[in-house]
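Chemist: My questions will all concern the structure given below.
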Amino acid sequence: MEKKNVLIAFGGASPEHEVSVITAHQAIAALEEREEYRFIPLYIAKSGKWFTGEPLMELSNFEDLKKIEAAATPCTFSQNEYGLTVLLEKKESWLPGKPKETPLHVALAAFHGSSGENGAFQGVCEMFRLPCTGSGVMGSAIGMDKVTSKTICRAHAIPVVDGVDFFEKEWVNSRAEWIEKIETLGYPVIVKPVHLGSSIGVQIAESREKLIHGVEVAFKYDHHLLIEELVKPLIEINCSVLGSSEEVMTSVCERPIGAQELLTFQDKYLSDEGGKGMASAERVIPADIPESLSESIRDCSATIFKLLNCSGLARLDFLVRPGTETFYFNEINTIPGSFSFYLWKESGLGFRELLIKLIDLALEEAQQKNRRIQSYETNLLSTKAVKGIKGLKGTK
């Protein structure tokens with residue numbers, strides 16, 4: 001069997017850059033013994049530059065990001081003479097010779113946040129007809145936008161917490177009016193950047209003074225903020241979904257344990273086993289909640305996954321009022337930290353098998369697209385060419 005070249009793409013110009021590096025190397029460690037795959041790293045630096053090369057396959061090399069860039073090879077996507085997508089290594093030397101080309105069969109996206117998870121990279125892959133794991137352009141973009149995803153859920157009677165959203169220019173021009181709207185929610189409130197994950201930039205505000213401070217901090221990360229009523233006391237319950245628009249399966253639920261009422265970046269990634277990413281955070285799996293509540297959350301997770309046009313793998317986070325079965329959709333992560341393998345492990349699916357399933361799903365979806373008509377034959381251009389450009393004025 002001919003080996004498939006799997007591009008493992010990670011990093012990116014994102015506050016969650018380091019988390020992405022950890023997730024990618026967890027995947028590399030889980031997959032390295034597979035005989036049918038060959039792995040090619042694509043590291044996107046914080047500057048946005050693309051790199052490849054063997055030094056990127058060792059996590060310890062990322063202790064100094066400047067050194068890893070110097071040791072790696074600049075690269076880009078291209079197409080060879082047969083129209084196949086390749087990873088083209090850029091030659092830094094003046095010596096003659098053709099740059100190295102590596103044909104690509106599928107991309108395993110391990111980004112978190114910003115242009116890697118919001119549909120931008122997925123769009124590049126689509127332009128080059130390179131199958132990519134996870135959700136496509138639309139599902140990724142909606143999943144990254146907390147306001148849009150919640151607006152869609154609210155329209156379909158899925159419970160979400162009351163909130164107010166605004167852009168930075170609106171806050172600058174009408175701060176008093178926005179504060180008044182926010183205070184109708186009642187303190188405490190939670191301040192969130194709309195397009196970030198990993199709890200980065202998230203603040204709890206118990207007063208007007210802390211609200212203003214929280215907003216100013218959050219605007220350092222995003223130009224669009226969401227302020228929500230803080231469910232207090234609360235329990236956070238998470239569930240992962242795997243599949244496509246046609247068929248999905250859900251994992252067991254988990255209850256993350258944070259040092260504070262808000263699960264912070266430190267809780268998630270800076271524990272004693274920080275190199276394990278989200279897998280190192282404290283949690284109860286399966287979640288210690290009633291089975292009926294667990295089933296409701298799993299059913300709701302599958303519904304939202306399909307509703308937001310997701311595919312591949314996602315993790316959905318919910319807020320639950322203790323002692324009740326009242327829950328609210330909080331957010332969806334279309335490329336969850338550590339690929340949420342710890343949830344699937346408890347559901348009977350190993351990490352390696354989970355990643356293989358993700359790759360297979362990406363290849364299957366690409367095959368389905370390729371079976372569709374990709375172009376429409378017409379003599380439109382030749383007809384218009386006869387009339388010339390001047391003859392086209394005022395016509396459609």
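Each chain in the structure tokens gets a letter, A, B, ..., in the order shown, and its residues are numbered from 1; ligands are numbered from 1 in order too.
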Any idea what's packed within 12 Å of Arg255 (chain A), counting only C-alpha atoms, ignoring anything in its chain fewer than 6 positions away? Could you give it as number ranges by chain?

Modeler: A: 234-239, 263, 281-289, 294, 317-320, 343

Chemist: Residues of the last selection are to be written out with N, CA and C atoms, as a PDB file, in the first residue's frame.

Modeler:
ATOM      1  N   LEU A 234     -22.290  27.491  39.163  1.00  0.00           N
ATOM      2  CA  LEU A 234     -22.409  26.773  37.906  1.00  0.00           C
ATOM      3  C   LEU A 234     -21.532  25.532  37.908  1.00  0.00           C
ATOM      4  N   ILE A 235     -21.894  24.618  37.034  1.00  0.00           N
ATOM      5  CA  ILE A 235     -21.071  23.459  36.729  1.00  0.00           C
ATOM      6  C   ILE A 235     -20.815  23.497  35.229  1.00  0.00           C
ATOM      7  N   GLU A 236     -19.577  23.319  34.805  1.00  0.00           N
ATOM      8  CA  GLU A 236     -19.294  23.231  33.375  1.00  0.00           C
ATOM      9  C   GLU A 236     -19.276  21.766  32.964  1.00  0.00           C
ATOM     10  N   ILE A 237     -19.981  21.466  31.912  1.00  0.00           N
ATOM     11  CA  ILE A 237     -20.030  20.109  31.370  1.00  0.00           C
ATOM     12  C   ILE A 237     -19.675  20.173  29.891  1.00  0.00           C
ATOM     13  N   ASN A 238     -18.755  19.302  29.471  1.00  0.00           N
ATOM     14  CA  ASN A 238     -18.322  19.281  28.079  1.00  0.00           C
ATOM     15  C   ASN A 238     -18.623  17.935  27.433  1.00  0.00           C
ATOM     16  N   CYS A 239     -18.818  17.972  26.132  1.00  0.00           N
ATOM     17  CA  CYS A 239     -19.099  16.761  25.365  1.00  0.00           C
ATOM     18  C   CYS A 239     -18.467  16.916  23.988  1.00  0.00           C
ATOM     19  N   LEU A 263     -12.885  28.495  34.705  1.00  0.00           N
ATOM     20  CA  LEU A 263     -11.788  27.626  34.303  1.00  0.00           C
ATOM     21  C   LEU A 263     -10.808  28.457  33.482  1.00  0.00           C
ATOM     22  N   ALA A 281      -5.422  18.730  32.396  1.00  0.00           N
ATOM     23  CA  ALA A 281      -6.338  19.445  33.290  1.00  0.00           C
ATOM     24  C   ALA A 281      -7.130  18.454  34.141  1.00  0.00           C
ATOM     25  N   GLU A 282      -7.485  18.890  35.352  1.00  0.00           N
ATOM     26  CA  GLU A 282      -8.274  18.020  36.220  1.00  0.00           C
ATOM     27  C   GLU A 282      -9.713  17.954  35.717  1.00  0.00           C
ATOM     28  N   ARG A 283     -10.290  16.765  35.785  1.00  0.00           N
ATOM     29  CA  ARG A 283     -11.652  16.578  35.290  1.00  0.00           C
ATOM     30  C   ARG A 283     -12.230  15.300  35.860  1.00  0.00           C
ATOM     31  N   VAL A 284     -13.546  15.237  35.823  1.00  0.00           N
ATOM     32  CA  VAL A 284     -14.258  14.025  36.213  1.00  0.00           C
ATOM     33  C   VAL A 284     -14.877  13.435  34.955  1.00  0.00           C
ATOM     34  N   ILE A 285     -14.468  12.211  34.591  1.00  0.00           N
ATOM     35  CA  ILE A 285     -14.980  11.540  33.396  1.00  0.00           C
ATOM     36  C   ILE A 285     -15.345  10.099  33.767  1.00  0.00           C
ATOM     37  N   PRO A 286     -16.552   9.684  33.487  1.00  0.00           N
ATOM     38  CA  PRO A 286     -17.696  10.470  33.013  1.00  0.00           C
ATOM     39  C   PRO A 286     -18.140  11.482  34.073  1.00  0.00           C
ATOM     40  N   ALA A 287     -18.776  12.551  33.637  1.00  0.00           N
ATOM     41  CA  ALA A 287     -19.218  13.600  34.553  1.00  0.00           C
ATOM     42  C   ALA A 287     -20.173  13.034  35.592  1.00  0.00           C
ATOM     43  N   ASP A 288     -20.031  13.506  36.816  1.00  0.00           N
ATOM     44  CA  ASP A 288     -20.869  13.028  37.927  1.00  0.00           C
ATOM     45  C   ASP A 288     -22.200  13.787  37.948  1.00  0.00           C
ATOM     46  N   ILE A 289     -22.988  13.576  36.916  1.00  0.00           N
ATOM     47  CA  ILE A 289     -24.304  14.203  36.781  1.00  0.00           C
ATOM     48  C   ILE A 289     -25.321  13.114  36.481  1.00  0.00           C
ATOM     49  N   SER A 294     -27.006  13.942  31.305  1.00  0.00           N
ATOM     50  CA  SER A 294     -25.942  13.584  30.382  1.00  0.00           C
ATOM     51  C   SER A 294     -26.500  13.297  28.989  1.00  0.00           C
ATOM     52  N   ASP A 317     -19.182  23.007  24.957  1.00  0.00           N
ATOM     53  CA  ASP A 317     -19.149  23.328  26.384  1.00  0.00           C
ATOM     54  C   ASP A 317     -20.490  23.893  26.824  1.00  0.00           C
ATOM     55  N   PHE A 318     -20.961  23.403  27.958  1.00  0.00           N
ATOM     56  CA  PHE A 318     -22.264  23.814  28.494  1.00  0.00           C
ATOM     57  C   PHE A 318     -22.114  24.280  29.933  1.00  0.00           C
ATOM     58  N   LEU A 319     -23.023  25.147  30.352  1.00  0.00           N
ATOM     59  CA  LEU A 319     -23.113  25.607  31.733  1.00  0.00           C
ATOM     60  C   LEU A 319     -24.375  25.006  32.350  1.00  0.00           C
ATOM     61  N   VAL A 320     -24.233  24.438  33.534  1.00  0.00           N
ATOM     62  CA  VAL A 320     -25.355  23.770  34.196  1.00  0.00           C
ATOM     63  C   VAL A 320     -25.580  24.410  35.565  1.00  0.00           C
ATOM     64  N   LEU A 343     -11.699  12.283  26.190  1.00  0.00           N
ATOM     65  CA  LEU A 343     -13.131  11.974  26.223  1.00  0.00           C
ATOM     66  C   LEU A 343     -13.436  10.725  25.403  1.00  0.00           C
TER      67      LEU A 343
END

Chemist: Please provide as a PDB file with N, CA and C atoms, in the first residue's frame all residues within 12 Å of Pro131 (chain A), with the sequence filter that same-chain residues fewer than 5 positions apart are discarded (counting only C-alpha atoms).

Modeler:
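Full text of out_39.pdb as output:
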ATOM      1  N   ASN A   5       0.704  10.972   2.327  1.00  0.00           N
ATOM      2  CA  ASN A   5       1.422  12.067   2.967  1.00  0.00           C
ATOM      3  C   ASN A   5       0.433  12.944   3.731  1.00  0.00           C
ATOM      4  N   VAL A   6       0.559  12.930   5.040  1.00  0.00           N
ATOM      5  CA  VAL A   6      -0.331  13.694   5.917  1.00  0.00           C
ATOM      6  C   VAL A   6       0.396  14.945   6.398  1.00  0.00           C
ATOM      7  N   LEU A   7      -0.144  16.095   6.039  1.00  0.00           N
ATOM      8  CA  LEU A   7       0.411  17.369   6.485  1.00  0.00           C
ATOM      9  C   LEU A   7      -0.154  17.687   7.867  1.00  0.00           C
ATOM     10  N   THR A  85      -1.620  18.981  -5.493  1.00  0.00           N
ATOM     11  CA  THR A  85      -1.144  19.917  -4.474  1.00  0.00           C
ATOM     12  C   THR A  85       0.131  19.395  -3.834  1.00  0.00           C
ATOM     13  N   LEU A 104       0.872  16.123  -1.382  1.00  0.00           N
ATOM     14  CA  LEU A 104       0.070  16.050  -0.163  1.00  0.00           C
ATOM     15  C   LEU A 104      -1.260  15.358  -0.451  1.00  0.00           C
ATOM     16  N   HIS A 105      -1.682  14.515   0.493  1.00  0.00           N
ATOM     17  CA  HIS A 105      -2.957  13.809   0.336  1.00  0.00           C
ATOM     18  C   HIS A 105      -4.042  14.355   1.269  1.00  0.00           C
ATOM     19  N   VAL A 106      -3.640  14.818   2.446  1.00  0.00           N
ATOM     20  CA  VAL A 106      -4.615  15.314   3.422  1.00  0.00           C
ATOM     21  C   VAL A 106      -3.891  16.159   4.465  1.00  0.00           C
ATOM     22  N   ALA A 107      -4.584  17.148   5.008  1.00  0.00           N
ATOM     23  CA  ALA A 107      -4.020  17.989   6.071  1.00  0.00           C
ATOM     24  C   ALA A 107      -4.727  17.685   7.385  1.00  0.00           C
ATOM     25  N   LEU A 108      -3.946  17.481   8.434  1.00  0.00           N
ATOM     26  CA  LEU A 108      -4.478  17.329   9.786  1.00  0.00           C
ATOM     27  C   LEU A 108      -4.287  18.666  10.487  1.00  0.00           C
ATOM     28  N   ALA A 109      -5.367  19.424  10.630  1.00  0.00           N
ATOM     29  CA  ALA A 109      -5.284  20.764  11.218  1.00  0.00           C
ATOM     30  C   ALA A 109      -5.276  20.677  12.740  1.00  0.00           C
ATOM     31  N   PHE A 121      -7.545  28.922   7.082  1.00  0.00           N
ATOM     32  CA  PHE A 121      -6.677  27.846   6.589  1.00  0.00           C
ATOM     33  C   PHE A 121      -7.494  26.814   5.826  1.00  0.00           C
ATOM     34  N   GLN A 122      -8.682  26.531   6.323  1.00  0.00           N
ATOM     35  CA  GLN A 122      -9.562  25.592   5.639  1.00  0.00           C
ATOM     36  C   GLN A 122      -9.885  26.088   4.226  1.00  0.00           C
ATOM     37  N   GLY A 123     -10.039  27.407   4.094  1.00  0.00           N
ATOM     38  CA  GLY A 123     -10.301  27.991   2.783  1.00  0.00           C
ATOM     39  C   GLY A 123      -9.121  27.827   1.839  1.00  0.00           C
ATOM     40  N   VAL A 124      -7.901  27.982   2.361  1.00  0.00           N
ATOM     41  CA  VAL A 124      -6.702  27.778   1.547  1.00  0.00           C
ATOM     42  C   VAL A 124      -6.655  26.332   1.051  1.00  0.00           C
ATOM     43  N   CYS A 125      -6.927  25.396   1.966  1.00  0.00           N
ATOM     44  CA  CYS A 125      -6.941  23.981   1.592  1.00  0.00           C
ATOM     45  C   CYS A 125      -7.997  23.718   0.510  1.00  0.00           C
ATOM     46  N   GLU A 126      -9.151  24.351   0.659  1.00  0.00           N
ATOM     47  CA  GLU A 126     -10.214  24.157  -0.321  1.00  0.00           C
ATOM     48  C   GLU A 126      -9.803  24.710  -1.684  1.00  0.00           C
ATOM     49  N   GLY A 136     -15.371  22.603   7.733  1.00  0.00           N
ATOM     50  CA  GLY A 136     -14.978  23.391   6.582  1.00  0.00           C
ATOM     51  C   GLY A 136     -14.997  24.875   6.889  1.00  0.00           C
ATOM     52  N   GLY A 312     -16.099  16.404  11.179  1.00  0.00           N
ATOM     53  CA  GLY A 312     -14.870  15.957  11.826  1.00  0.00           C
ATOM     54  C   GLY A 312     -15.076  15.823  13.320  1.00  0.00           C
ATOM     55  N   LEU A 358     -10.538  10.766  11.937  1.00  0.00           N
ATOM     56  CA  LEU A 358     -10.586  12.151  11.454  1.00  0.00           C
ATOM     57  C   LEU A 358     -10.020  12.258  10.035  1.00  0.00           C
ATOM     58  N   ILE A 359      -8.890  11.621   9.798  1.00  0.00           N
ATOM     59  CA  ILE A 359      -8.268  11.644   8.475  1.00  0.00           C
ATOM     60  C   ILE A 359      -9.180  10.980   7.453  1.00  0.00           C
ATOM     61  N   ASP A 360      -9.753   9.826   7.825  1.00  0.00           N
ATOM     62  CA  ASP A 360     -10.657   9.114   6.914  1.00  0.00           C
ATOM     63  C   ASP A 360     -11.889   9.947   6.577  1.00  0.00           C
ATOM     64  N   LEU A 361     -12.441  10.651   7.577  1.00  0.00           N
ATOM     65  CA  LEU A 361     -13.603  11.506   7.343  1.00  0.00           C
ATOM     66  C   LEU A 361     -13.271  12.621   6.354  1.00  0.00           C
ATOM     67  N   ALA A 362     -12.074  13.215   6.503  1.00  0.00           N
ATOM     68  CA  ALA A 362     -11.662  14.287   5.593  1.00  0.00           C
ATOM     69  C   ALA A 362     -11.539  13.763   4.166  1.00  0.00           C
ATOM     70  N   LEU A 363     -10.968  12.577   4.003  1.00  0.00           N
ATOM     71  CA  LEU A 363     -10.812  11.984   2.676  1.00  0.00           C
ATOM     72  C   LEU A 363     -12.158  11.602   2.062  1.00  0.00           C
ATOM     73  N   GLU A 364     -13.064  11.096   2.904  1.00  0.00           N
ATOM     74  CA  GLU A 364     -14.404  10.719   2.420  1.00  0.00           C
ATOM     75  C   GLU A 364     -15.177  11.949   1.951  1.00  0.00           C
ATOM     76  N   GLU A 365     -15.114  13.037   2.730  1.00  0.00           N
ATOM     77  CA  GLU A 365     -15.827  14.255   2.336  1.00  0.00           C
ATOM     78  C   GLU A 365     -15.255  14.831   1.046  1.00  0.00           C
ATOM     79  N   ALA A 366     -13.932  14.732   0.868  1.00  0.00           N
ATOM     80  CA  ALA A 366     -13.311  15.225  -0.359  1.00  0.00           C
ATOM     81  C   ALA A 366     -13.768  14.399  -1.559  1.00  0.00           C
ATOM     82  N   GLN A 367     -13.890  13.102  -1.367  1.00  0.00           N
ATOM     83  CA  GLN A 367     -14.369  12.236  -2.446  1.00  0.00           C
ATOM     84  C   GLN A 367     -15.796  12.588  -2.836  1.00  0.00           C
ATOM     85  N   GLN A 368     -16.625  12.881  -1.837  1.00  0.00           N
ATOM     86  CA  GLN A 368     -18.008  13.276  -2.131  1.00  0.00           C
ATOM     87  C   GLN A 368     -18.043  14.560  -2.949  1.00  0.00           C
ATOM     88  N   LYS A 369     -17.211  15.546  -2.589  1.00  0.00           N
ATOM     89  CA  LYS A 369     -17.163  16.810  -3.327  1.00  0.00           C
ATOM     90  C   LYS A 369     -16.688  16.577  -4.754  1.00  0.00           C
ATOM     91  N   ASN A 370     -15.699  15.726  -4.907  1.00  0.00           N
ATOM     92  CA  ASN A 370     -15.124  15.494  -6.234  1.00  0.00           C
ATOM     93  C   ASN A 370     -16.095  14.783  -7.171  1.00  0.00           C
TER      94      ASN A 370
END

Chemist: Extract, using only C-alpha atoms, all DNA, RNA and protein residues at most 7 Å from Glu89 (chain A), discarding same-chain residues fewer than 2 positions from it, and format them as a ChimeraX atom specification.

Modeler: /A:73-76,87,91,99-101

Chemist: Could you write those residues out with N, CA and C atoms, as a JSON list (two decimals), in the first residue's frame?

Modeler:
[["chain", "number", "residue", "atom", "x", "y", "z"],
["A", 73, "THR", "N", 12.67, 25.04, 7.29],
["A", 73, "THR", "CA", 12.74, 25.44, 5.89],
["A", 73, "THR", "C", 11.47, 26.18, 5.47],
["A", 74, "PRO", "N", 11.58, 27.39, 4.92],
["A", 74, "PRO", "CA", 10.39, 28.10, 4.44],
["A", 74, "PRO", "C", 9.69, 27.28, 3.35],
["A", 75, "CYS", "N", 8.37, 27.38, 3.29],
["A", 75, "CYS", "CA", 7.62, 26.58, 2.34],
["A", 75, "CYS", "C", 6.30, 27.26, 1.99],
["A", 76, "THR", "N", 5.61, 26.68, 1.03],
["A", 76, "THR", "CA", 4.30, 27.19, 0.63],
["A", 76, "THR", "C", 3.55, 26.08, -0.09],
["A", 87, "LEU", "N", 3.66, 20.51, -1.19],
["A", 87, "LEU", "CA", 4.33, 21.45, -0.28],
["A", 87, "LEU", "C", 5.66, 21.79, -0.93],
["A", 91, "LYS", "N", 13.81, 27.63, -1.87],
["A", 91, "LYS", "CA", 15.27, 27.58, -1.87],
["A", 91, "LYS", "C", 15.85, 28.91, -1.38],
["A", 99, "PRO", "N", 13.30, 23.36, -6.55],
["A", 99, "PRO", "CA", 12.94, 23.23, -5.13],
["A", 99, "PRO", "C", 12.24, 21.90, -4.86],
["A", 100, "LYS", "N", 12.41, 21.37, -3.67],
["A", 100, "LYS", "CA", 11.80, 20.09, -3.31],
["A", 100, "LYS", "C", 10.28, 20.23, -3.23],
["A", 101, "GLU", "N", 9.59, 19.28, -3.85],
["A", 101, "GLU", "CA", 8.14, 19.24, -3.82],
["A", 101, "GLU", "C", 7.69, 17.95, -3.14]]

Chemist: Give me, as a Markdown table, each residue of region 285-330 of chain A that comes within 12 Å of region 142-162 of chain A, together with its shortest interatomic pair and the distance in Å at one decimal, counting only C-alpha atoms, with rows ordered by chain and rising residue number.

Modeler:
| residue | atom | partner | partner_atom | distance |
| --- | --- | --- | --- | --- |
| A:Ser296 | CA | A:Ile158 | CA | 11.5 |
| A:Ile297 | CA | A:Ile158 | CA | 10.9 |
| A:Asp299 | CA | A:Ile158 | CA | 11.4 |
| A:Cys300 | CA | A:Ile158 | CA | 7.9 |
| A:Ser301 | CA | A:Ile158 | CA | 10.3 |
| A:Thr303 | CA | A:Ile158 | CA | 9.3 |
| A:Ile304 | CA | A:Cys153 | CA | 7.2 |
| A:Phe305 | CA | A:Gly143 | CA | 9.4 |
| A:Lys306 | CA | A:Cys153 | CA | 11.1 |
| A:Leu307 | CA | A:Cys153 | CA | 8.0 |
| A:Leu308 | CA | A:Ile142 | CA | 6.7 |
| A:Asn309 | CA | A:Ile142 | CA | 8.5 |
| A:Cys310 | CA | A:Gly143 | CA | 8.1 |
| A:Ser311 | CA | A:Gly143 | CA | 11.1 |
| A:Leu313 | CA | A:Gly143 | CA | 11.8 |
| A:Ala314 | CA | A:Gly143 | CA | 9.3 |
| A:Arg315 | CA | A:Gly143 | CA | 10.4 |
| A:Leu316 | CA | A:Gly143 | CA | 9.9 |
| A:Asp317 | CA | A:Val160 | CA | 11.3 |
| A:Phe318 | CA | A:Val160 | CA | 9.1 |
| A:Leu319 | CA | A:Val161 | CA | 8.9 |
| A:Val320 | CA | A:Val161 | CA | 10.8 |
| A:Arg321 | CA | A:Val161 | CA | 11.6 |
| A:Thr326 | CA | A:Pro159 | CA | 8.9 |
| A:Phe327 | CA | A:Pro159 | CA | 7.2 |
| A:Tyr328 | CA | A:Val160 | CA | 4.7 |
| A:Phe329 | CA | A:Val160 | CA | 5.2 |
| A:Asn330 | CA | A:Val160 | CA | 6.8 |

Chemist: Please identify the strand (DSSP E or B) residues within region 32-156 of chain A (assignment by DSSP from backbone atoms) and present them as a ChimeraX atom specification.

Modeler: /A:37-44,50-52,73-79,85-89,101-103,106-109,132

Chemist: Can you measure CA of Val252 (chain A) to CA of Leu349 (chain A) for me? One decimal in Å is fine.

Modeler: 11.2 Å

Chemist: If DSSP is run on the backbone, what residues of region 207-369 of chain A are helix (DSSP H, G or I)? A reply as a PyMOL selection string would be ideal.

Modeler: chain A and resi 208-218+265-269+274-280+291-307+337-345+351-369

Chemist: Tell me which protein, DNA and RNA residues are within 10 Å of Glu353 (chain A), counting only C-alpha atoms, leaving out same-chain ones fewer than 5 positions away, and put them as a list in words.

Modeler: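 In the requested form, the answer reads Ala30, Leu31, Phe341, Trp344, Lys345, Gly348, Leu358 and Ile359 of chain A.
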
Chemist: Would you mind reading off the distance between CA of Glu183 (chain A) and CA of Phe167 (chain A), one decimal, in Å?

Modeler: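 According to the coordinates, CA of Glu183 (chain A) and CA of Phe167 (chain A) are separated by 17.3 Å.
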
Chemist: Would you tabulate, counting only C-alpha atoms, all residues of region 186-241 of chain A that have an atom at most 12 Å from an atom of region 113-116 of chain A, showing the closest pair of atoms and their distance in Å to one decimal, sorted by chain then ascending number, as CSV?

Modeler:
residue,atom,partner,partner_atom,distance
A:Pro193,CA,A:Gly113,CA,11.3
A:Val194,CA,A:Gly113,CA,10.8
A:His195,CA,A:Ser114,CA,7.1
A:Leu196,CA,A:Gly113,CA,5.7
A:Gly197,CA,A:Gly113,CA,6.4
A:Ser198,CA,A:Gly113,CA,8.7
A:Ser199,CA,A:Gly113,CA,11.2
A:Ile200,CA,A:Gly113,CA,10.3
A:Tyr221,CA,A:Ser114,CA,10.3
A:Asp222,CA,A:Ser114,CA,9.9

Chemist: Next, write the just-selected residues to a file, as a PDB file, in the first residue's frame, keeping N, CA and C atoms as the atom set.

Modeler:
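Output saved as out-v5.pdb:
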ATOM      1  N   PRO A 193     -13.726  37.842  24.725  1.00  0.00           N
ATOM      2  CA  PRO A 193     -13.455  38.116  23.310  1.00  0.00           C
ATOM      3  C   PRO A 193     -14.300  37.152  22.469  1.00  0.00           C
ATOM      4  N   VAL A 194     -14.893  37.630  21.402  1.00  0.00           N
ATOM      5  CA  VAL A 194     -15.811  36.801  20.617  1.00  0.00           C
ATOM      6  C   VAL A 194     -15.093  35.690  19.860  1.00  0.00           C
ATOM      7  N   HIS A 195     -13.835  35.939  19.454  1.00  0.00           N
ATOM      8  CA  HIS A 195     -13.169  35.001  18.546  1.00  0.00           C
ATOM      9  C   HIS A 195     -11.981  34.282  19.154  1.00  0.00           C
ATOM     10  N   LEU A 196     -11.935  34.111  20.455  1.00  0.00           N
ATOM     11  CA  LEU A 196     -10.820  33.414  21.087  1.00  0.00           C
ATOM     12  C   LEU A 196     -11.311  32.264  21.949  1.00  0.00           C
ATOM     13  N   GLY A 197     -10.399  31.342  22.233  1.00  0.00           N
ATOM     14  CA  GLY A 197     -10.704  30.228  23.123  1.00  0.00           C
ATOM     15  C   GLY A 197      -9.664  30.139  24.215  1.00  0.00           C
ATOM     16  N   SER A 198      -9.600  28.981  24.894  1.00  0.00           N
ATOM     17  CA  SER A 198      -8.626  28.714  25.953  1.00  0.00           C
ATOM     18  C   SER A 198      -8.722  29.705  27.111  1.00  0.00           C
ATOM     19  N   SER A 199      -9.879  30.358  27.261  1.00  0.00           N
ATOM     20  CA  SER A 199     -10.133  31.319  28.341  1.00  0.00           C
ATOM     21  C   SER A 199      -9.231  32.546  28.281  1.00  0.00           C
ATOM     22  N   ILE A 200      -8.561  32.767  27.152  1.00  0.00           N
ATOM     23  CA  ILE A 200      -7.676  33.930  27.015  1.00  0.00           C
ATOM     24  C   ILE A 200      -8.513  35.202  26.907  1.00  0.00           C
ATOM     25  N   TYR A 221      -7.245  41.651  22.728  1.00  0.00           N
ATOM     26  CA  TYR A 221      -7.234  40.385  21.989  1.00  0.00           C
ATOM     27  C   TYR A 221      -8.228  40.350  20.831  1.00  0.00           C
ATOM     28  N   ASP A 222      -9.281  41.158  20.890  1.00  0.00           N
ATOM     29  CA  ASP A 222     -10.335  41.079  19.875  1.00  0.00           C
ATOM     30  C   ASP A 222     -11.046  42.425  19.785  1.00  0.00           C
TER      31      ASP A 222
END

Chemist: Ranking A:Ser347, A:Ile335, A:Glu177, A:Ala218 by minimum distance to Met249 (chain A) and counting only C-alpha atoms, which one comes first?

Modeler: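 Among the listed residues, A:Ser347 lies closest to Met249 (chain A).
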
Chemist: Just checking: using only C-alpha atoms, which residue out of A:Ile204, A:Ala71, A:Val189, A:Ile212 ends up closest to Glu228 (chain A)?

Modeler: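 Of the candidates, the smallest distance to Glu228 (chain A) is held by A:Val189.
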
Chemist: Report, in Å to a single decimal, how far apart CA of Pro15 (chain A) and CA of Asn173 (chain A) are.

Modeler: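 Spanning CA of Asn173 (chain A) to CA of Pro15 (chain A) is a straight-line distance of 27.2 Å.
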
Chemist: Which residue is closest to Tyr43 (chain A)? Choose from A:Glu325, A:Glu69, A:Glu209, A:Asp64 and count only C-alpha atoms.

Modeler: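 Once distances to Tyr43 (chain A) are computed over only C-alpha atoms, the minimum belongs to A:Glu69.
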
Chemist: Which residues come within 7 Å of Pro55 (chain A), counting only C-alpha atoms, excluding same-chain residues fewer than 3 positions away, as a ChimeraX atom specification?

Modeler: /A:58,61,71-72

Chemist: With only C-alpha atoms as the basis for distance, which of A:Ala9, A:Ala141, A:Val21, A:Leu242 is at the shortest distance from Phe39 (chain A)?

Modeler: A:Ala9
